[in-house]
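Novice: The structure file run_28.txt (compact mmCIF, C-alpha atoms and all ligand atoms) is provided below.
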```txt
# COMPACT_ATOMS: atom_id res chain seq x y z
CA MET A 1 10.98 -56.26 -63.73
CA ILE A 2 8.05 -58.18 -62.36
CA GLU A 3 7.22 -61.29 -64.35
CA GLY A 4 4.29 -63.62 -64.25
CA ALA A 5 1.74 -60.88 -64.55
CA PHE A 6 0.81 -61.78 -68.11
CA VAL A 7 -2.53 -63.41 -68.65
CA ALA A 8 -3.54 -65.82 -71.35
CA GLY A 9 -5.64 -64.74 -74.30
CA GLY A 10 -3.58 -61.74 -75.38
CA LYS A 11 -5.03 -59.39 -72.78
CA PRO A 12 -2.86 -56.47 -71.76
CA ALA A 13 -0.30 -57.52 -69.14
CA ILE A 14 -1.62 -54.97 -66.69
CA GLU A 15 -4.78 -57.01 -66.31
CA GLY A 16 -2.69 -59.79 -64.80
CA PHE A 17 -2.63 -57.73 -61.64
CA GLY A 18 -6.36 -57.08 -61.91
CA VAL A 19 -5.86 -53.31 -61.72
CA ARG A 20 -9.18 -51.47 -62.01
CA ASP A 21 -8.20 -48.07 -60.61
CA ALA A 22 -6.85 -46.05 -63.54
CA SER A 23 -4.60 -44.03 -61.22
CA LEU A 24 -2.59 -47.24 -60.75
CA PHE A 25 -2.04 -48.00 -64.45
CA PRO A 26 1.26 -46.06 -64.54
CA VAL A 27 2.41 -47.93 -61.41
CA ALA A 28 1.64 -51.33 -62.93
CA GLU A 29 3.31 -50.30 -66.18
CA SER A 30 6.45 -49.22 -64.33
CA LEU A 31 6.57 -52.52 -62.45
CA LEU A 32 6.17 -54.50 -65.67
CA ALA A 33 8.89 -52.44 -67.34
CA GLY A 34 11.26 -52.84 -64.39
CA ARG A 35 11.22 -49.10 -63.58
CA ARG A 36 11.70 -47.95 -60.00
CA LEU A 37 8.56 -46.50 -58.42
CA THR A 38 8.47 -42.77 -57.74
CA PHE A 39 7.11 -40.61 -54.93
CA ASP A 40 3.92 -40.02 -56.95
CA ASP A 41 3.52 -43.76 -57.52
CA GLY A 42 3.77 -44.36 -53.77
CA VAL A 43 1.14 -41.71 -53.02
CA ALA A 44 -1.17 -43.10 -55.73
CA LEU A 45 -0.87 -46.56 -54.16
CA PHE A 46 -1.72 -45.27 -50.69
CA LYS A 47 -4.65 -43.23 -51.98
CA SER A 48 -6.13 -46.05 -54.04
CA HIS A 49 -8.65 -48.56 -52.70
CA ASP A 50 -7.87 -51.12 -55.39
CA LEU A 51 -6.55 -53.31 -52.60
CA HIS A 52 -6.44 -56.67 -54.36
CA ALA A 53 -4.52 -55.21 -57.29
CA ILE A 54 -2.03 -53.53 -54.95
CA GLY A 55 -1.66 -56.85 -53.15
CA ALA A 56 -1.20 -58.72 -56.43
CA MET A 57 1.58 -56.35 -57.48
CA ALA A 58 3.29 -56.65 -54.11
CA ASN A 59 2.85 -60.41 -54.05
CA ALA A 60 4.50 -60.70 -57.46
CA ALA A 61 7.50 -58.76 -56.13
CA ARG A 62 7.53 -60.84 -52.95
CA GLU A 63 7.33 -64.18 -54.75
CA LYS A 64 9.98 -63.14 -57.24
CA ARG A 65 12.41 -62.69 -54.34
CA HIS A 66 11.28 -65.34 -51.89
CA GLY A 67 8.94 -67.75 -53.67
CA ASN A 68 6.52 -69.39 -51.26
CA ARG A 69 8.80 -69.06 -48.23
CA ALA A 70 7.69 -67.30 -45.06
CA TYR A 71 10.57 -66.60 -42.72
CA PHE A 72 10.26 -66.45 -38.96
CA ASN A 73 12.58 -66.62 -36.00
CA VAL A 74 12.42 -68.08 -32.53
CA ASN A 75 13.05 -64.97 -30.52
CA ARG A 76 12.44 -63.32 -27.20
CA HIS A 77 11.97 -59.65 -26.41
CA ILE A 78 13.30 -58.06 -23.23
CA ASN A 79 12.47 -54.45 -22.30
CA HIS A 80 14.86 -53.77 -19.45
CA THR A 81 13.43 -50.37 -18.46
CA ASN A 82 10.36 -48.35 -19.38
CA ILE A 83 11.67 -45.21 -17.71
CA CYS A 84 12.31 -42.66 -20.41
CA ILE A 85 13.02 -38.96 -20.63
CA SER A 86 12.01 -38.67 -24.27
CA GLY A 87 8.27 -38.06 -23.73
CA CYS A 88 7.10 -39.27 -27.17
CA SER A 89 3.35 -38.70 -27.28
CA PHE A 90 2.51 -41.97 -29.04
CA CYS A 91 4.27 -44.16 -26.49
CA ALA A 92 2.16 -45.71 -23.70
CA PHE A 93 5.07 -47.86 -22.55
CA ALA A 94 7.38 -45.06 -21.38
CA LYS A 95 7.11 -43.55 -17.90
CA LYS A 96 8.85 -40.35 -16.82
CA PRO A 97 11.44 -40.83 -14.03
CA GLY A 98 9.56 -41.03 -10.72
CA ALA A 99 6.14 -41.51 -12.36
CA PRO A 100 3.89 -44.40 -11.27
CA GLY A 101 4.24 -47.60 -13.30
CA GLY A 102 7.95 -47.15 -14.01
CA TYR A 103 10.15 -50.24 -13.79
CA ARG A 104 13.82 -51.04 -14.20
CA LEU A 105 14.83 -54.71 -14.23
CA GLY A 106 17.81 -55.76 -12.16
CA LEU A 107 20.59 -57.70 -13.82
CA ASP A 108 19.46 -60.93 -12.12
CA GLU A 109 15.95 -60.57 -13.56
CA ILE A 110 17.32 -59.81 -17.03
CA VAL A 111 19.62 -62.83 -16.91
CA LYS A 112 16.72 -64.99 -15.72
CA LYS A 113 14.63 -63.88 -18.68
CA ALA A 114 17.49 -64.55 -21.10
CA THR A 115 18.17 -68.03 -19.70
CA CYS A 116 16.31 -70.88 -21.39
CA LYS A 117 14.34 -73.25 -19.19
CA PRO A 118 14.39 -76.93 -20.22
CA GLY A 119 12.76 -77.26 -23.63
CA GLU A 120 13.16 -73.57 -24.46
CA ARG A 121 15.53 -71.96 -26.96
CA TRP A 122 15.87 -68.43 -28.30
CA GLU A 123 17.88 -67.94 -31.47
CA GLU A 124 17.60 -64.18 -30.96
CA ILE A 125 17.13 -61.90 -27.98
CA HIS A 126 15.75 -58.48 -28.87
CA ILE A 127 16.51 -55.89 -26.18
CA VAL A 128 15.35 -52.28 -26.14
CA GLY A 129 14.49 -49.90 -23.36
CA GLY A 130 13.71 -46.29 -22.52
CA LEU A 131 16.25 -43.48 -22.17
CA ASP A 132 16.62 -44.05 -18.45
CA PRO A 133 18.95 -41.67 -16.58
CA GLN A 134 19.60 -44.39 -13.98
CA VAL A 135 20.91 -46.87 -16.55
CA SER A 136 24.50 -46.02 -17.41
CA PHE A 137 26.33 -47.10 -20.51
CA SER A 138 28.46 -49.47 -18.43
CA ASP A 139 25.17 -51.02 -17.17
CA CYS A 140 24.24 -51.64 -20.81
CA ILE A 141 27.59 -53.26 -21.54
CA GLU A 142 27.34 -55.36 -18.39
CA MET A 143 23.80 -56.39 -19.38
CA ILE A 144 24.93 -57.58 -22.82
CA ARG A 145 27.89 -59.47 -21.33
CA ALA A 146 25.70 -61.12 -18.69
CA ILE A 147 23.12 -62.18 -21.29
CA ARG A 148 25.91 -63.53 -23.47
CA ARG A 149 27.20 -65.62 -20.57
CA ALA A 150 23.71 -66.87 -19.72
CA ASN A 151 22.82 -67.67 -23.32
CA PRO A 152 25.97 -67.92 -25.45
CA THR A 153 24.25 -69.08 -28.64
CA ALA A 154 21.45 -66.50 -28.98
CA HIS A 155 22.09 -63.58 -31.35
CA LEU A 156 21.72 -60.28 -29.52
CA LYS A 157 19.74 -57.67 -31.47
CA THR A 158 20.06 -54.81 -29.09
CA PHE A 159 19.40 -51.09 -28.65
CA THR A 160 17.90 -48.64 -31.09
CA LEU A 161 19.84 -45.86 -32.79
CA VAL A 162 18.03 -43.50 -30.39
CA GLU A 163 19.74 -45.23 -27.46
CA VAL A 164 23.09 -45.04 -29.29
CA ASP A 165 22.69 -41.29 -29.67
CA TYR A 166 21.67 -40.93 -26.00
CA TYR A 167 24.71 -42.80 -24.69
CA ALA A 168 27.08 -41.08 -27.13
CA LYS A 169 25.98 -37.72 -25.69
CA ARG A 170 26.04 -38.91 -22.08
CA GLU A 171 29.47 -40.51 -22.41
CA LYS A 172 30.83 -37.69 -24.61
CA LYS A 173 31.84 -40.34 -27.14
CA SER A 174 31.23 -40.69 -30.83
CA PRO A 175 28.41 -43.00 -32.00
CA ARG A 176 31.14 -45.13 -33.58
CA GLU A 177 32.77 -45.63 -30.19
CA ILE A 178 29.43 -46.53 -28.60
CA LEU A 179 28.59 -48.98 -31.39
CA ALA A 180 32.07 -50.52 -31.24
CA ALA A 181 31.77 -51.06 -27.47
CA LEU A 182 28.32 -52.62 -27.84
CA ARG A 183 29.58 -54.91 -30.57
CA GLU A 184 32.61 -55.85 -28.53
CA ALA A 185 30.31 -56.81 -25.63
CA GLY A 186 28.23 -59.11 -27.86
CA MET A 187 25.69 -57.07 -29.84
CA GLY A 188 25.18 -58.73 -33.25
CA SER A 189 22.72 -56.40 -34.93
CA MET A 190 20.20 -53.67 -34.15
CA PRO A 191 16.41 -53.47 -34.26
CA GLY A 192 14.72 -50.84 -36.36
CA GLY A 193 12.88 -48.81 -33.73
CA GLY A 194 12.94 -45.06 -33.27
CA ALA A 195 12.46 -44.21 -36.94
CA GLU A 196 8.74 -43.36 -36.39
CA ILE A 197 8.08 -40.99 -39.31
CA LEU A 198 11.35 -39.48 -40.49
CA GLY A 199 9.89 -36.18 -41.76
CA GLU A 200 10.47 -33.34 -39.31
CA ASN A 201 6.94 -31.89 -39.46
CA ILE A 202 5.47 -35.06 -38.00
CA ARG A 203 8.40 -35.66 -35.67
CA LYS A 204 7.89 -32.20 -34.16
CA ARG A 205 4.30 -33.15 -33.37
CA ILE A 206 4.70 -36.70 -32.07
CA CYS A 207 8.23 -36.88 -30.67
CA PRO A 208 9.75 -33.38 -30.42
CA ASN A 209 12.50 -34.45 -28.00
CA LYS A 210 13.65 -37.42 -30.01
CA ILE A 211 16.63 -37.33 -32.38
CA SER A 212 15.77 -35.88 -35.78
CA GLY A 213 14.99 -38.10 -38.74
CA GLU A 214 18.22 -36.91 -40.33
CA ARG A 215 20.19 -37.98 -37.25
CA TRP A 216 18.47 -41.39 -37.24
CA LEU A 217 19.55 -41.91 -40.85
CA GLU A 218 23.08 -40.69 -40.12
CA LEU A 219 23.40 -43.17 -37.24
CA ALA A 220 22.02 -45.99 -39.41
CA ARG A 221 24.65 -45.10 -42.01
CA THR A 222 27.37 -45.23 -39.34
CA ALA A 223 26.21 -48.66 -38.09
CA HIS A 224 26.08 -49.98 -41.65
CA GLU A 225 29.53 -48.59 -42.47
CA MET A 226 30.83 -50.47 -39.44
CA GLY A 227 29.26 -53.68 -40.77
CA ILE A 228 26.48 -53.73 -38.16
CA PRO A 229 23.22 -54.73 -39.85
CA THR A 230 20.04 -53.03 -38.69
CA ASN A 231 16.33 -53.14 -39.36
CA CYS A 232 14.15 -50.16 -40.10
CA THR A 233 10.56 -49.41 -39.11
CA MET A 234 7.76 -46.91 -39.71
CA LEU A 235 5.12 -46.05 -37.13
CA TYR A 236 1.89 -45.47 -39.08
CA GLY A 237 -1.75 -44.74 -38.38
CA HIS A 238 -1.49 -41.58 -36.24
CA VAL A 239 -1.24 -38.06 -37.63
CA GLU A 240 0.89 -38.72 -40.71
CA THR A 241 -0.31 -38.44 -44.31
CA ALA A 242 0.23 -40.74 -47.30
CA GLU A 243 2.90 -38.28 -48.44
CA ASP A 244 4.72 -38.58 -45.08
CA ARG A 245 4.76 -42.36 -45.35
CA VAL A 246 6.12 -42.31 -48.90
CA ASP A 247 8.74 -39.70 -48.00
CA HIS A 248 9.78 -41.93 -45.07
CA MET A 249 10.12 -45.01 -47.24
CA LEU A 250 12.05 -43.18 -49.94
CA LYS A 251 14.52 -41.82 -47.36
CA LEU A 252 15.15 -45.41 -46.25
CA ARG A 253 15.47 -46.54 -49.87
CA ALA A 254 18.02 -43.82 -50.62
CA LEU A 255 20.18 -44.82 -47.65
CA GLN A 256 19.88 -48.49 -48.55
CA ASP A 257 21.17 -47.70 -52.05
CA GLU A 258 24.33 -46.44 -50.35
CA THR A 259 24.84 -48.98 -47.57
CA GLN A 260 22.79 -52.16 -48.14
CA GLY A 261 22.76 -52.39 -44.34
CA PHE A 262 19.01 -52.76 -43.71
CA MET A 263 17.91 -56.36 -43.39
CA ALA A 264 14.17 -55.82 -43.03
CA PHE A 265 11.54 -53.12 -42.98
CA ILE A 266 8.78 -53.48 -40.38
CA PRO A 267 5.68 -51.28 -40.55
CA LEU A 268 4.50 -50.70 -36.97
CA GLN A 269 0.76 -50.15 -36.64
CA PHE A 270 0.01 -47.43 -34.12
CA ASN A 271 -1.87 -48.75 -31.06
CA LYS A 272 -3.57 -45.78 -29.44
CA GLU A 273 -4.84 -46.74 -25.96
CA ASN A 274 -3.32 -44.76 -23.07
CA THR A 275 -2.01 -42.14 -25.49
CA PRO A 276 -3.39 -38.67 -26.34
CA TYR A 277 -4.59 -40.09 -29.67
CA GLU A 278 -7.42 -42.28 -28.38
CA HIS A 279 -9.89 -40.14 -30.36
CA LEU A 280 -8.32 -41.20 -33.66
CA PRO A 281 -9.97 -43.99 -35.63
CA GLU A 282 -8.52 -47.49 -35.30
CA VAL A 283 -6.03 -48.44 -37.98
CA THR A 284 -7.95 -50.68 -40.39
CA GLY A 285 -7.03 -54.03 -41.89
CA GLU A 286 -7.13 -52.38 -45.31
CA ASP A 287 -4.47 -49.90 -44.19
CA ASN A 288 -2.32 -52.65 -42.63
CA LEU A 289 -2.32 -54.67 -45.84
CA LYS A 290 -1.81 -51.67 -48.10
CA THR A 291 1.11 -50.42 -46.02
CA ILE A 292 2.85 -53.80 -46.21
CA ALA A 293 2.21 -53.94 -49.96
CA VAL A 294 3.40 -50.41 -50.69
CA ALA A 295 6.53 -51.07 -48.63
CA ARG A 296 7.29 -54.16 -50.73
CA LEU A 297 6.82 -52.18 -53.93
CA LEU A 298 8.72 -49.01 -52.98
CA LEU A 299 11.53 -50.62 -50.98
CA ASP A 300 12.89 -52.59 -53.91
CA ASN A 301 16.34 -52.76 -52.31
CA ILE A 302 15.42 -53.97 -48.80
CA PRO A 303 15.41 -57.75 -48.88
CA HIS A 304 12.71 -58.48 -46.30
CA ILE A 305 9.36 -56.99 -45.35
CA LYS A 306 8.35 -58.21 -41.91
CA VAL A 307 4.82 -58.27 -40.56
CA TYR A 308 4.70 -57.80 -36.80
CA TRP A 309 1.70 -59.86 -35.71
CA VAL A 310 1.85 -58.37 -32.20
CA MET A 311 0.62 -55.04 -33.62
CA VAL A 312 -1.63 -56.06 -36.53
CA GLY A 313 -3.02 -59.34 -35.13
CA LEU A 314 -2.57 -62.88 -36.36
CA LYS A 315 -5.35 -62.80 -38.93
CA ILE A 316 -4.05 -59.75 -40.77
CA ALA A 317 -0.51 -61.13 -40.44
CA GLN A 318 -1.57 -64.28 -42.32
CA VAL A 319 -3.06 -62.28 -45.17
CA ALA A 320 -0.03 -59.98 -45.19
CA LEU A 321 2.03 -62.99 -46.27
CA TRP A 322 0.14 -62.63 -49.58
CA TYR A 323 0.44 -58.83 -49.68
CA GLY A 324 4.22 -58.43 -49.75
CA ALA A 325 5.44 -59.70 -46.38
CA ASP A 326 7.91 -62.59 -46.51
CA ASP A 327 8.75 -62.59 -42.80
CA ILE A 328 6.62 -62.81 -39.66
CA ASP A 329 7.93 -61.80 -36.25
CA GLY A 330 8.34 -64.24 -34.26
CA THR A 331 7.77 -66.14 -30.97
CA VAL A 332 8.44 -62.87 -29.02
CA VAL A 333 7.46 -64.39 -25.60
CA GLU A 334 6.90 -61.12 -23.78
CA GLU A 335 5.89 -57.75 -25.17
CA ARG A 336 5.26 -54.48 -23.37
CA ILE A 337 5.36 -51.61 -25.87
CA THR A 338 2.23 -52.57 -27.84
CA HIS A 339 0.36 -54.14 -24.94
CA ASP A 340 0.69 -51.02 -22.82
CA ALA A 341 -1.04 -49.29 -25.76
CA GLY A 342 -3.99 -51.68 -25.68
CA ALA A 343 -2.99 -54.51 -28.02
CA LYS A 344 -5.34 -57.49 -27.71
CA THR A 345 -2.90 -59.96 -29.26
CA PRO A 346 -1.11 -62.57 -27.14
CA ALA A 347 2.27 -61.52 -25.70
CA GLY A 348 4.01 -64.41 -27.42
CA LEU A 349 3.43 -67.49 -29.59
CA SER A 350 4.77 -71.02 -29.32
CA LEU A 351 6.73 -72.39 -32.25
CA GLY A 352 3.77 -74.70 -32.99
CA GLU A 353 1.33 -71.78 -33.07
CA LEU A 354 3.55 -69.77 -35.37
CA LEU A 355 3.99 -72.73 -37.73
CA HIS A 356 0.22 -73.20 -37.76
CA VAL A 357 -0.37 -69.54 -38.70
CA ILE A 358 2.13 -69.74 -41.57
CA ARG A 359 0.99 -73.13 -42.85
CA ARG A 360 -2.69 -72.20 -42.77
CA ALA A 361 -1.80 -69.16 -44.86
CA GLY A 362 -0.45 -71.59 -47.45
CA ARG A 363 3.19 -70.55 -47.10
CA GLN A 364 6.29 -72.63 -46.44
CA PRO A 365 7.67 -71.91 -42.95
CA VAL A 366 11.42 -71.28 -42.89
CA GLU A 367 13.04 -70.70 -39.54
CA ARG A 368 15.87 -68.21 -39.93
CA ASP A 369 18.55 -66.70 -37.79
CA THR A 370 18.65 -62.93 -37.28
CA LEU A 371 20.75 -62.46 -40.42
CA TYR A 372 18.24 -64.47 -42.48
CA ASN A 373 20.34 -67.61 -42.86
CA PRO A 374 17.82 -70.47 -43.04
CA LEU A 375 18.04 -72.75 -40.00
CA LYS A 376 15.23 -75.15 -40.81
CA ILE A 377 12.80 -75.54 -43.67
CA TYR A 378 9.56 -77.00 -42.37
CA ALA A 379 7.06 -79.06 -44.30
CA GLN A 380 4.26 -76.89 -45.57
O1 LIG A 401 10.31 -47.32 -31.87
C1 LIG A 401 5.88 -47.08 -29.59
C2 LIG A 401 6.90 -48.18 -31.62
C3 LIG A 401 8.88 -49.23 -31.59
C4 LIG A 401 3.79 -47.49 -29.96
O2 LIG A 401 13.62 -54.43 -35.64
C5 LIG A 401 4.54 -48.10 -30.94
O3 LIG A 401 12.93 -56.48 -35.68
C6 LIG A 401 2.64 -48.91 -31.91
O4 LIG A 401 10.99 -51.10 -33.12
N1 LIG A 401 1.85 -48.32 -31.00
C7 LIG A 401 9.65 -50.34 -30.91
N2 LIG A 401 3.98 -48.81 -31.91
C8 LIG A 401 9.34 -51.68 -31.55
C9 LIG A 401 10.28 -51.96 -32.69
C10 LIG A 401 10.34 -53.30 -33.29
C11 LIG A 401 9.33 -54.22 -33.08
C12 LIG A 401 9.45 -55.49 -33.65
C13 LIG A 401 10.55 -55.83 -34.38
C14 LIG A 401 11.56 -54.90 -34.58
C15 LIG A 401 12.78 -55.28 -35.35
C16 LIG A 401 11.46 -53.63 -34.04
O5 LIG A 401 7.52 -49.35 -31.23
C17 LIG A 401 9.19 -47.82 -31.25
C18 LIG A 401 7.96 -47.11 -31.76
O6 LIG A 401 8.08 -46.84 -33.13
N3 LIG A 401 5.82 -47.80 -30.70
N4 LIG A 401 4.63 -46.86 -29.11
C19 LIG A 401 2.37 -47.61 -30.00
N5 LIG A 401 1.59 -47.01 -29.12
```
Mind turning this structure into structure tokens?

Specialist:
Amino acid sequence: MIEGAFVAGGKPAIEGFGVRDASLFPVAESLLAGRRLTFDDGVALFKSHDLHAIGAMANAAREKRHGNRAYFNVNRHINHTNICISGCSFCAFAKKPGAPGGYRLGLDEIVKKATCKPGERWEEIHIVGGLDPQVSFSDCIEMIRAIRRANPTAHLKTFTLVEVDYYAKREKKSPREILAALREAGMGSMPGGGAEILGENIRKRICPNKISGERWLELARTAHEMGIPTNCTMLYGHVETAEDRVDHMLKLRALQDETQGFMAFIPLQFNKENTPYEHLPEVTGEDNLKTIAVARLLLDNIPHIKVYWVMVGLKIAQVALWYGADDIDGTVVEERITHDAGAKTPAGLSLGELLHVIRRAGRQPVERDTLYNPLKIYAQ
């Protein structure tokens, strides 16, 4: 049940959210009564332009869980290879083997990136790469071990479920064996990439060679059963419909009911440059904020909704902290996937810049570790 939506003067509670679009009255009533939102509620939210009311509902849910806190972490991304056989149409980062622009970092370069210079620290290193035929599973294990040696205190959030499936097939091993070996080498948790849109109709169009949505969910279940926490994502703003987005979120919600293994949901705004979708309209700020808000409202069992400023920009990220997001990713340092697709955001932020963004949004910055244990609560 969402509290605090009641207004003085005996007005109906629903007005506390400022809902003007009648199609959202049932949604607001469900929230006030503590009822779980349905597929139709999700679609109504996406189709409505009553943005402030949607934000107010999401903010009430966000503040009920997290108060005024805005979590962030001091992290660094490393993309060890962009060579990939998957051929997903939305991805400007990936290069086919032998194609111009392909790169594969050597172990020395990876270790150098993972090693802190004086004055630097990374609480988390986030490592993902393409499905590169020249990178063996033992290379992956060696990479994790070498990073661990170079930076023993950083949490390693490594490899997507897509990479787990790829190496399981290549090594003729079960996903459990692959995950166990990665964990043994030093992997602490997994990022949420590769989910895209889980519905097969869209997957067939945008990433026909990638694992199915069903397989992605099955692998997430396996990781969670093994006690490996993961994130989950949704790539939005390409050819999907409101119904596809809601279906995606409800599939994640259903799995989370079973496993409680997802830490955070991160909506990923599609960046279209250098992809076949350049003709599509830009994703708007309205859509960014609405997607964050609907995620907060539908995903009532996923503790954190993270806004990824790299994709939506710092200004929208600030507002998103009032539209359902309680977490903002992060210092990042170096980013390739979005920037190869035309992102105009910086590649990384200093701790001071990130604190400024959160404070100027009026939220209390809380530095967290990957598993959301607070490390430091900063003055607002
Ligand atoms: O899976 C690819 C997406 C993902 C584009 O778990 C694109 O904490 C936008 O998963 N425009 C990788 N997105 C990034 C990712 C991620 C990022 C930040 C935090 C976490 C986390 C995970 O990027 C891919 C794909 O869905 N992607 N191409 C593009 N043109």

Novice: Using only C-alpha atoms and all ligand atoms, find the one residue out of A:Pro374, A:Gly352, A:Pro152, A:Gly129 that sits nearest to ligand LIG 401 (chain A).

Specialist: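 Looking at the shortest contact to ligand LIG 401 (chain A), the residue is A:Gly129.
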
Novice: Per residue of chain A within 7 Å of ligand LIG 401 (chain A), record the nearest atom pair and its distance in Å to one decimal, counting only C-alpha atoms and all ligand atoms, with rows in chain order and ascending residue number, as JSON lines.

Specialist:
```
{"residue": "A:Phe90", "atom": "CA", "partner": "A:LIG401", "partner_atom": "N5", "distance": 5.1}
{"residue": "A:Cys91", "atom": "CA", "partner": "A:LIG401", "partner_atom": "N4", "distance": 3.8}
{"residue": "A:Ala92", "atom": "CA", "partner": "A:LIG401", "partner_atom": "N5", "distance": 5.6}
{"residue": "A:Phe93", "atom": "CA", "partner": "A:LIG401", "partner_atom": "N4", "distance": 6.7}
{"residue": "A:Met190", "atom": "CA", "partner": "A:LIG401", "partner_atom": "O2", "distance": 6.8}
{"residue": "A:Pro191", "atom": "CA", "partner": "A:LIG401", "partner_atom": "O2", "distance": 3.3}
{"residue": "A:Gly192", "atom": "CA", "partner": "A:LIG401", "partner_atom": "O2", "distance": 3.8}
{"residue": "A:Gly193", "atom": "CA", "partner": "A:LIG401", "partner_atom": "O4", "distance": 3.0}
{"residue": "A:Gly194", "atom": "CA", "partner": "A:LIG401", "partner_atom": "O1", "distance": 3.7}
{"residue": "A:Ala195", "atom": "CA", "partner": "A:LIG401", "partner_atom": "O1", "distance": 6.3}
{"residue": "A:Glu196", "atom": "CA", "partner": "A:LIG401", "partner_atom": "O6", "distance": 4.8}
{"residue": "A:Asn231", "atom": "CA", "partner": "A:LIG401", "partner_atom": "O2", "distance": 4.8}
{"residue": "A:Cys232", "atom": "CA", "partner": "A:LIG401", "partner_atom": "O2", "distance": 6.2}
{"residue": "A:Thr233", "atom": "CA", "partner": "A:LIG401", "partner_atom": "O4", "distance": 6.2}
{"residue": "A:Met234", "atom": "CA", "partner": "A:LIG401", "partner_atom": "O6", "distance": 6.6}
{"residue": "A:Leu235", "atom": "CA", "partner": "A:LIG401", "partner_atom": "O6", "distance": 5.0}
{"residue": "A:Ile266", "atom": "CA", "partner": "A:LIG401", "partner_atom": "C14", "distance": 6.6}
{"residue": "A:Leu268", "atom": "CA", "partner": "A:LIG401", "partner_atom": "N2", "distance": 5.4}
{"residue": "A:Gln269", "atom": "CA", "partner": "A:LIG401", "partner_atom": "C6", "distance": 5.2}
{"residue": "A:Phe270", "atom": "CA", "partner": "A:LIG401", "partner_atom": "N1", "distance": 3.7}
{"residue": "A:Asn271", "atom": "CA", "partner": "A:LIG401", "partner_atom": "N1", "distance": 3.7}
{"residue": "A:Lys272", "atom": "CA", "partner": "A:LIG401", "partner_atom": "N5", "distance": 5.3}
{"residue": "A:Tyr308", "atom": "CA", "partner": "A:LIG401", "partner_atom": "C12", "distance": 6.1}
{"residue": "A:Met311", "atom": "CA", "partner": "A:LIG401", "partner_atom": "C6", "distance": 6.7}
{"residue": "A:Asp329", "atom": "CA", "partner": "A:LIG401", "partner_atom": "C13", "distance": 6.8}
{"residue": "A:Ile337", "atom": "CA", "partner": "A:LIG401", "partner_atom": "N4", "distance": 5.8}
{"residue": "A:Thr338", "atom": "CA", "partner": "A:LIG401", "partner_atom": "N1", "distance": 5.3}
{"residue": "A:Ala341", "atom": "CA", "partner": "A:LIG401", "partner_atom": "N5", "distance": 4.8}
```

Novice: Residues within 12 Å of Lys204 in chain A, please, as a list in words. Count only C-alpha atoms; anything in the same chain fewer than 6 positions from it doesn't count.

Specialist: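 What passes the distance filter is Gly87, Cys88, Ser89, Glu196, Ile197, Leu198, Lys210, Ile211, Ser212, Gly213, Val239 and Glu240 of chain A.
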
Novice: My list of candidates is A:Leu252, A:Ala242, A:Ala293, A:Ile144. Which is closest to Asp40 in chain A when distances are computed with only C-alpha atoms?

Specialist: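 For Asp40 in chain A, the nearest of the given residues is A:Ala242.
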
Novice: Given the choices A:Ile328, A:Cys140, A:Ala347, A:Val128, which gets closest to Asn73 in chain A if the distance is worked out from all atoms listed in the file?

Specialist: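 Using all atoms listed in the file, Asn73 in chain A sits closest to A:Ile328.
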
Novice: For the interface of range 356-375 of chain A with range 318-325 of chain A (cut-off 12 Å, counting only C-alpha atoms), please tabulate each contacting residue of range 356-375 of chain A alongside its nearest pair of atoms and their separation in Å to one decimal, rows sorted by chain and increasing number, as JSON lines.

Specialist:
```
{"residue": "A:His356", "atom": "CA", "partner": "A:Gln318", "partner_atom": "CA", "distance": 10.2}
{"residue": "A:Val357", "atom": "CA", "partner": "A:Gln318", "partner_atom": "CA", "distance": 6.5}
{"residue": "A:Ile358", "atom": "CA", "partner": "A:Gln318", "partner_atom": "CA", "distance": 6.6}
{"residue": "A:Arg359", "atom": "CA", "partner": "A:Gln318", "partner_atom": "CA", "distance": 9.2}
{"residue": "A:Arg360", "atom": "CA", "partner": "A:Gln318", "partner_atom": "CA", "distance": 8.0}
{"residue": "A:Ala361", "atom": "CA", "partner": "A:Gln318", "partner_atom": "CA", "distance": 5.5}
{"residue": "A:Gly362", "atom": "CA", "partner": "A:Gln318", "partner_atom": "CA", "distance": 9.0}
{"residue": "A:Arg363", "atom": "CA", "partner": "A:Leu321", "partner_atom": "CA", "distance": 7.7}
{"residue": "A:Gln364", "atom": "CA", "partner": "A:Leu321", "partner_atom": "CA", "distance": 10.5}
{"residue": "A:Pro365", "atom": "CA", "partner": "A:Leu321", "partner_atom": "CA", "distance": 11.1}
```

Novice: Using all atoms listed in the file, which of A:Leu355, A:Asp326, A:Asn59, A:Pro303 sits nearest Lys376 in chain A?

Specialist: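 Among A:Leu355, A:Asp326, A:Asn59, A:Pro303, it is A:Leu355 that comes nearest to Lys376 in chain A.
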
Novice: So, counting only C-alpha atoms, which residue among A:His238, A:Thr153, A:Gly285, A:Thr38 is closest to Ala254 in chain A?

Specialist: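 Closest to Ala254 in chain A, using only C-alpha atoms: A:Thr38.
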
Novice: Do you have the CA of Glu124 in chain A-CA of Ser189 in chain A distance handy?

Specialist: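 Rounded to one decimal, the two atoms are 10.1 Å apart.
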
Novice: Please report the interatomic distance between CA of Glu225 in chain A and CA of Ser174 in chain A in Å with one decimal.

Specialist: 14.2 Å

Novice: Might you pull out every residue within 12 Å of Glu243 in chain A, with all atoms listed in the file counted and same-chain residues fewer than 6 positions away left off, and present them as a ChimeraX atom specification?

Specialist: /A:38-47,197-199,201-202,236,249-250

Novice: Just to confirm, what's the straight-line distance from CA of Pro26 in chain A to CA of Lys251 in chain A in Å (one decimal)?

Specialist: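 If I compute the distance from CA of Pro26 in chain A to CA of Lys251 in chain A, I get 22.1 Å.
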
Novice: Rank A:Gly237, A:Lys344, A:Pro229, A:Ile305 by their smallest atom-to-atom distance to Leu280 in chain A, using all atoms listed in the file, and report the top residue only.

Specialist: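 Looking at the shortest contact to Leu280 in chain A, the residue is A:Gly237.
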